[in-house]
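**Student:** Hey, dropping my_file.tsv in here, TSV, C-alpha atoms:
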chain	number	residue	atom	x	y	z
A	232	VAL	CA	93.76	109.02	99.89
A	233	GLY	CA	92.39	112.24	101.28
A	234	GLY	CA	93.90	115.61	101.95
A	235	SER	CA	93.83	117.56	105.20
A	236	GLY	CA	90.80	116.64	107.25
A	237	ALA	CA	90.31	113.30	105.48
A	238	PRO	CA	88.15	110.81	107.37
A	239	GLU	CA	89.81	108.11	109.37
A	240	ALA	CA	89.71	104.55	108.11
A	241	GLY	CA	88.93	101.99	110.76
A	242	LEU	CA	90.54	98.60	110.35
A	243	GLY	CA	89.94	95.18	111.82
A	244	SER	CA	88.74	93.96	115.17
A	245	SER	CA	90.97	90.98	115.90
A	246	GLU	CA	94.75	90.87	116.16
A	247	GLY	CA	95.26	88.86	112.98
A	248	GLY	CA	92.61	90.83	111.12
A	249	VAL	CA	94.11	94.17	112.14
A	250	GLU	CA	97.59	93.18	111.01
A	251	ARG	CA	96.24	92.00	107.66
A	252	ASP	CA	94.13	95.14	107.17
A	253	VAL	CA	96.91	97.53	108.18
A	254	LEU	CA	99.25	95.94	105.64
A	255	ALA	CA	96.57	96.07	102.95
A	256	MET	CA	95.75	99.70	103.73
A	257	GLY	CA	99.46	100.56	103.58
A	258	LEU	CA	99.67	99.08	100.10
A	259	VAL	CA	96.61	101.05	98.94
A	260	LEU	CA	97.96	104.29	100.37
A	261	GLU	CA	101.32	103.67	98.71
A	262	SER	CA	99.69	103.28	95.30
A	263	PHE	CA	97.59	106.42	95.65
A	264	GLY	CA	100.05	108.57	97.61
A	265	ASN	CA	103.58	107.60	96.52
A	266	ALA	CA	105.45	108.62	93.38
A	267	ARG	CA	108.84	108.41	91.73
A	268	THR	CA	110.84	111.60	92.29
A	269	ALA	CA	114.33	112.60	91.19
A	270	ARG	CA	115.82	111.18	94.39
A	271	ASN	CA	113.50	108.36	95.38
A	272	GLY	CA	111.67	105.81	93.25
A	273	ASN	CA	108.96	105.34	95.87
A	274	SER	CA	108.63	108.66	97.68
A	275	SER	CA	105.66	109.25	99.99
A	276	ARG	CA	103.86	112.45	98.97
A	277	PHE	CA	101.48	112.61	101.95
A	278	GLY	CA	101.41	112.28	105.71
A	279	LYS	CA	99.93	109.34	107.58
A	280	LEU	CA	99.03	108.78	111.21
A	281	LEU	CA	98.28	105.22	112.34
A	282	ARG	CA	96.52	104.72	115.68
A	283	LEU	CA	96.36	101.30	117.32
A	284	ARG	CA	93.65	100.92	119.96
A	285	LEU	CA	93.64	98.17	122.57
A	286	ARG	CA	90.72	97.27	124.80
A	287	ALA	CA	91.59	95.23	127.86
A	288	GLY	CA	89.98	91.82	128.09
A	289	ALA	CA	89.08	89.72	131.11
A	290	GLN	CA	91.72	89.45	133.84
A	291	HIS	CA	93.93	92.07	132.16
A	292	ALA	CA	94.35	89.99	129.01
A	293	VAL	CA	94.62	91.81	125.71
A	294	GLY	CA	91.14	92.11	124.28
A	295	GLU	CA	89.93	93.72	121.08
A	296	LEU	CA	92.47	95.39	118.83
A	297	ALA	CA	91.59	98.02	116.24
A	298	ALA	CA	93.43	100.52	114.07
A	299	GLN	CA	92.66	103.86	112.50
A	300	THR	CA	94.59	105.51	109.68
A	301	THR	CA	94.43	109.25	109.04
A	302	THR	CA	95.97	110.78	105.91
A	303	TYR	CA	96.78	114.44	105.32
A	304	LEU	CA	98.77	116.91	103.18
A	305	LEU	CA	98.53	114.92	99.95
A	306	GLU	CA	100.62	116.61	97.23
A	307	THR	CA	97.64	117.08	94.90
A	308	SER	CA	99.61	119.44	92.64
A	309	ARG	CA	101.61	116.40	91.44
A	310	VAL	CA	98.59	115.29	89.39
A	311	ALA	CA	98.78	118.40	87.22
A	312	GLY	CA	102.55	118.88	87.05
A	313	ARG	CA	105.90	117.83	88.44
A	314	ALA	CA	109.63	118.22	87.92
A	315	PRO	CA	111.22	116.82	84.73
A	316	GLY	CA	111.73	113.08	84.85
A	317	GLU	CA	109.37	112.51	87.78
A	318	ARG	CA	106.13	110.53	87.74
A	319	SER	CA	102.67	111.24	89.04
A	320	PHE	CA	101.20	108.91	91.66
A	321	HIS	CA	101.92	105.21	91.14
A	322	VAL	CA	98.25	104.27	90.75
A	323	PHE	CA	97.89	105.92	87.33
A	324	TYR	CA	100.75	103.86	85.88
A	325	GLU	CA	99.59	100.70	87.66
A	326	LEU	CA	96.13	101.16	86.15
A	327	LEU	CA	97.44	101.66	82.61
A	328	ALA	CA	99.91	98.78	82.84
A	329	GLY	CA	97.78	96.33	84.79
A	330	LEU	CA	94.37	96.52	83.18
A	331	SER	CA	93.52	94.09	80.43
A	332	TYR	CA	92.89	95.34	76.89
A	333	GLU	CA	89.16	95.04	77.52
A	334	GLY	CA	89.47	96.92	80.80
A	335	ARG	CA	91.37	99.80	79.22
A	336	THR	CA	88.96	99.92	76.29
A	337	SER	CA	85.94	100.17	78.60
A	338	LEU	CA	87.56	103.22	80.21
A	339	GLY	CA	88.81	104.74	76.96
A	340	LEU	CA	92.43	104.54	78.11
A	341	ALA	CA	95.63	104.27	76.10
A	342	ALA	CA	97.98	101.31	76.45
A	343	ALA	CA	100.90	103.43	77.71
A	344	ALA	CA	101.40	106.35	80.06
A	345	SER	CA	102.76	108.43	77.16
A	346	GLY	CA	99.24	108.38	75.71
A	347	HIS	CA	97.90	110.63	78.48
A	348	THR	CA	99.11	114.14	79.31
A	349	LEU	CA	98.90	113.78	83.09
A	350	ALA	CA	100.81	110.48	83.13
A	351	ARG	CA	103.44	111.51	80.63
A	352	ILE	CA	107.01	111.77	81.91
A	353	SER	CA	108.75	114.89	80.67
A	354	ASP	CA	112.40	115.50	79.75
A	355	ALA	CA	115.05	113.00	80.80
A	356	SER	CA	116.75	113.60	84.14
A	357	PRO	CA	119.06	111.76	86.54
A	358	SER	CA	116.00	109.85	87.78
A	359	GLY	CA	116.12	107.84	84.57
A	360	ALA	CA	113.24	109.16	82.45
A	361	GLY	CA	113.84	108.22	78.86
A	362	ASN	CA	115.88	105.16	79.89
A	363	PRO	CA	114.26	102.16	78.12
A	364	GLY	CA	115.63	99.70	80.67
A	365	LEU	CA	114.22	101.62	83.62
A	366	GLU	CA	110.90	102.17	81.89
A	367	ALA	CA	110.55	98.44	81.17
A	368	GLU	CA	111.38	97.60	84.77
A	369	GLU	CA	108.88	100.15	86.06
A	370	ARG	CA	106.18	98.76	83.79
A	371	ARG	CA	106.83	95.24	85.06
A	372	ARG	CA	106.63	96.53	88.62
A	373	ASP	CA	103.44	98.49	87.86
A	374	ILE	CA	101.75	95.35	86.54
A	375	GLU	CA	102.76	93.45	89.66
A	376	ARG	CA	101.64	96.23	92.00
A	377	PHE	CA	98.28	96.54	90.27
A	378	GLY	CA	97.54	92.91	91.07
A	379	GLU	CA	98.56	93.53	94.68
A	380	LEU	CA	96.40	96.66	94.81
A	381	ARG	CA	93.32	94.78	93.61
A	382	ALA	CA	93.93	92.05	96.17
A	383	ALA	CA	94.32	94.64	98.92
A	384	LEU	CA	91.10	96.43	97.97
A	385	SER	CA	89.24	93.13	97.93
A	386	GLY	CA	90.72	92.18	101.29
A	387	LEU	CA	89.51	95.46	102.76
A	388	GLY	CA	85.96	94.59	101.75
A	389	LEU	CA	85.51	96.53	98.52
A	390	LYS	CA	83.19	94.88	96.01
A	391	ALA	CA	83.77	94.65	92.27
A	392	GLU	CA	81.49	97.63	91.60
A	393	ASP	CA	83.43	99.72	94.14
A	394	GLU	CA	86.68	98.86	92.40
A	395	THR	CA	85.19	99.75	89.02
A	396	GLY	CA	84.10	103.11	90.41
A	397	ILE	CA	87.68	103.84	91.52
A	398	TRP	CA	89.08	103.01	88.07
A	399	GLU	CA	86.45	105.24	86.46
A	400	VAL	CA	87.42	108.22	88.62
A	401	LEU	CA	91.11	107.69	87.83
A	402	ALA	CA	90.32	107.37	84.12
A	403	ALA	CA	88.25	110.56	84.29
A	404	ILE	CA	91.23	112.44	85.73
A	405	LEU	CA	93.43	111.24	82.87
A	406	HIS	CA	90.79	112.19	80.29
A	407	LEU	CA	90.36	115.64	81.82
A	408	GLY	CA	94.10	116.14	81.45
A	409	ASP	CA	93.78	115.31	77.76
A	410	ALA	CA	90.63	117.39	77.25
A	411	ILE	CA	92.48	120.70	77.26
A	412	PRO	CA	95.47	120.66	74.86
A	413	SER	CA	98.62	122.53	75.79
A	414	GLU	CA	98.83	126.23	74.97
A	415	GLU	CA	101.03	125.64	71.92
A	416	ASP	CA	98.36	123.34	70.46
A	417	GLN	CA	95.58	125.88	70.98
A	418	PRO	CA	94.30	128.08	68.14
A	419	PRO	CA	94.97	131.85	68.34
A	420	GLU	CA	93.12	133.54	71.20
A	421	GLU	CA	90.97	135.60	68.85
A	422	ALA	CA	89.69	132.36	67.29
A	423	ARG	CA	88.52	130.95	70.63
A	424	GLY	CA	85.66	133.38	71.16
A	425	ASP	CA	84.52	133.44	74.78
A	426	ALA	CA	86.22	130.15	75.57
A	427	PRO	CA	89.66	130.29	77.21
A	428	PHE	CA	90.41	126.85	75.74
A	429	VAL	CA	89.40	124.66	72.85
A	430	VAL	CA	88.77	121.19	74.21
A	431	SER	CA	89.23	117.69	72.84
A	432	GLU	CA	85.69	116.41	72.39
A	433	ARG	CA	86.76	112.77	72.63
A	434	SER	CA	88.53	113.21	75.95
A	435	LEU	CA	85.77	115.45	77.26
A	436	GLY	CA	83.17	112.84	76.34
A	437	TRP	CA	85.06	110.07	78.12
A	438	ALA	CA	85.56	112.21	81.24
A	439	ALA	CA	81.85	113.03	81.38
A	440	ARG	CA	80.93	109.39	80.88
A	441	MET	CA	83.27	108.19	83.64
A	442	LEU	CA	81.92	110.78	86.10
A	443	GLY	CA	78.27	110.38	85.12
A	444	LEU	CA	78.03	114.02	84.06
A	445	ASP	CA	76.33	115.77	81.16
A	446	VAL	CA	79.02	116.48	78.57
A	447	ASP	CA	77.62	119.93	77.70
A	448	ALA	CA	77.60	120.94	81.36
A	449	LEU	CA	81.19	119.76	81.79
A	450	ARG	CA	82.27	121.62	78.66
A	451	LYS	CA	80.67	124.80	79.98
A	452	VAL	CA	82.47	124.51	83.30
A	453	LEU	CA	85.82	124.06	81.56
A	454	THR	CA	85.49	126.67	78.81
A	455	LYS	CA	83.27	129.53	80.04
A	456	LYS	CA	85.02	132.40	81.72
A	457	ARG	CA	83.78	133.43	85.15
A	458	ILE	CA	84.36	136.77	86.82
Can you dump the structure from the file as structure tokens?

**Tutor:**
Amino acid sequence: VGGSGAPEAGLGSSEGGVERDVLAMGLVLESFGNARTARNGNSSRFGKLLRLRLRAGAQHAVGELAAQTTTYLLETSRVAGRAPGERSFHVFYELLAGLSYEGRTSLGLAAAASGHTLARISDASPSGAGNPGLEAEERRRDIERFGELRAALSGLGLKAEDETGIWEVLAAILHLGDAIPSEEDQPPEEARGDAPFVVSERSLGWAARMLGLDVDALRKVLTKKRI
């Protein structure tokens, strides 16, 4: 899902293929762009424009059919923070709930959302955070949606290595959120030297590995002050 100015995704070329692809793309966009808010368990946090294009066939019959989807205004700030009781984008919870033990281990991920800062749900609210029954139901739904997401990605033509690359980027985001502990967990400022933060080396290492970056270079970017 892209922000403003994101490229358009072209879908299908036949009527049946377009319908199938549009539905699959909708499911993918929902995973990456929807979230549970205080008022809506599946709130869209982005804008979407779907264009259907028809090309006339012989003797005025309907010919080729194609579709383009443009996304914009994604609420990217939701990744870093949100109101109490709300969740980040569905895909993070689907990934954590739906991956096998081996899959999570290969990405260095915890078994539950509470194990990662950016997926953690803060204080209880009317939306139901802290409600064991709701949390169990959401986890069941996340597992189910993750299977649907993988099927949709495959149906849109993504190969296994493409899918793995997506999971690695998502895992890197979660690890980056864990790499810098909260302010209350930081040592006194005078003990930090030139670094504004003291980082978690484990999380930093996993983030660098997922993104294919040099860990020292990533540490420098995160901890060295720039004027």

**Student:** Hey, could you make a per-residue contact list for region 306-412 of chain A against region 254-257 of chain A with 12 Å as the cut-off, showing the nearest pair of atoms and its distance in Å to one decimal, counting all atoms listed in the file, sorted by chain and number, as a tab-separated table?

**Tutor:**
residue	atom	partner	partner_atom	distance
A:Glu379	CA	A:Ala255	CA	8.9
A:Leu380	CA	A:Ala255	CA	8.2
A:Arg381	CA	A:Ala255	CA	10.0
A:Ala382	CA	A:Ala255	CA	8.3
A:Ala383	CA	A:Ala255	CA	4.8
A:Leu384	CA	A:Ala255	CA	7.4
A:Ser385	CA	A:Ala255	CA	9.4
A:Gly386	CA	A:Ala255	CA	7.2
A:Leu387	CA	A:Ala255	CA	7.1
A:Gly388	CA	A:Ala255	CA	10.8
A:Leu389	CA	A:Met256	CA	11.9

**Student:** Skip Ala439 (chain A) itself and residues of its chain fewer than 6 positions away, then list as a list in words all residues within 12 Å of it, counting all atoms listed in the file.

**Tutor:** Leu338, Gly339, Glu399, Val400, Ala402, Ala403, Ile404, Leu405, His406, Leu407, Ala410, Glu432, Arg433, Asp445, Val446, Asp447, Ala448, Leu449, Arg450, Lys451, Val452 and Leu453 of chain A

**Student:** Using Å and a single decimal, report how far CA of Trp437 (chain A) sits from CA of Ala341 (chain A).

**Tutor:**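 Answer for the CA of Ala341 (chain A) to CA of Trp437 (chain A) separation: 12.2 Å.
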
**Student:** With all atoms listed in the file as the counted atoms, please give the residues lying no more than 8 Å from Ser431 (chain A), apart from itself and same-chain residues fewer than 5 positions off, as a ChimeraX atom specification.

**Tutor:** /A:409-412

**Student:** Using all atoms listed in the file, which of A:Glu261, A:Glu317, A:Glu392, A:Glu306 sits nearest Phe377 (chain A)?

**Tutor:**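 Nearest candidate to Phe377 (chain A) out of A:Glu261, A:Glu317, A:Glu392, A:Glu306: A:Glu261.
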
**Student:** Could you tell me how far CA of His321 (chain A) lies from CA of Val429 (chain A), in Å and to one decimal?

**Tutor:**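 Taking CA of His321 (chain A) as the start and CA of Val429 (chain A) as the end point, the length is 29.5 Å.
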
**Student:** Counting all atoms listed in the file, which residue out of A:Leu296, A:Ile352, A:Leu340, A:Ala328 sits closest to Arg370 (chain A)?

**Tutor:**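 Of A:Leu296, A:Ile352, A:Leu340, A:Ala328, the one nearest Arg370 (chain A) is A:Ala328, counting all atoms listed in the file.
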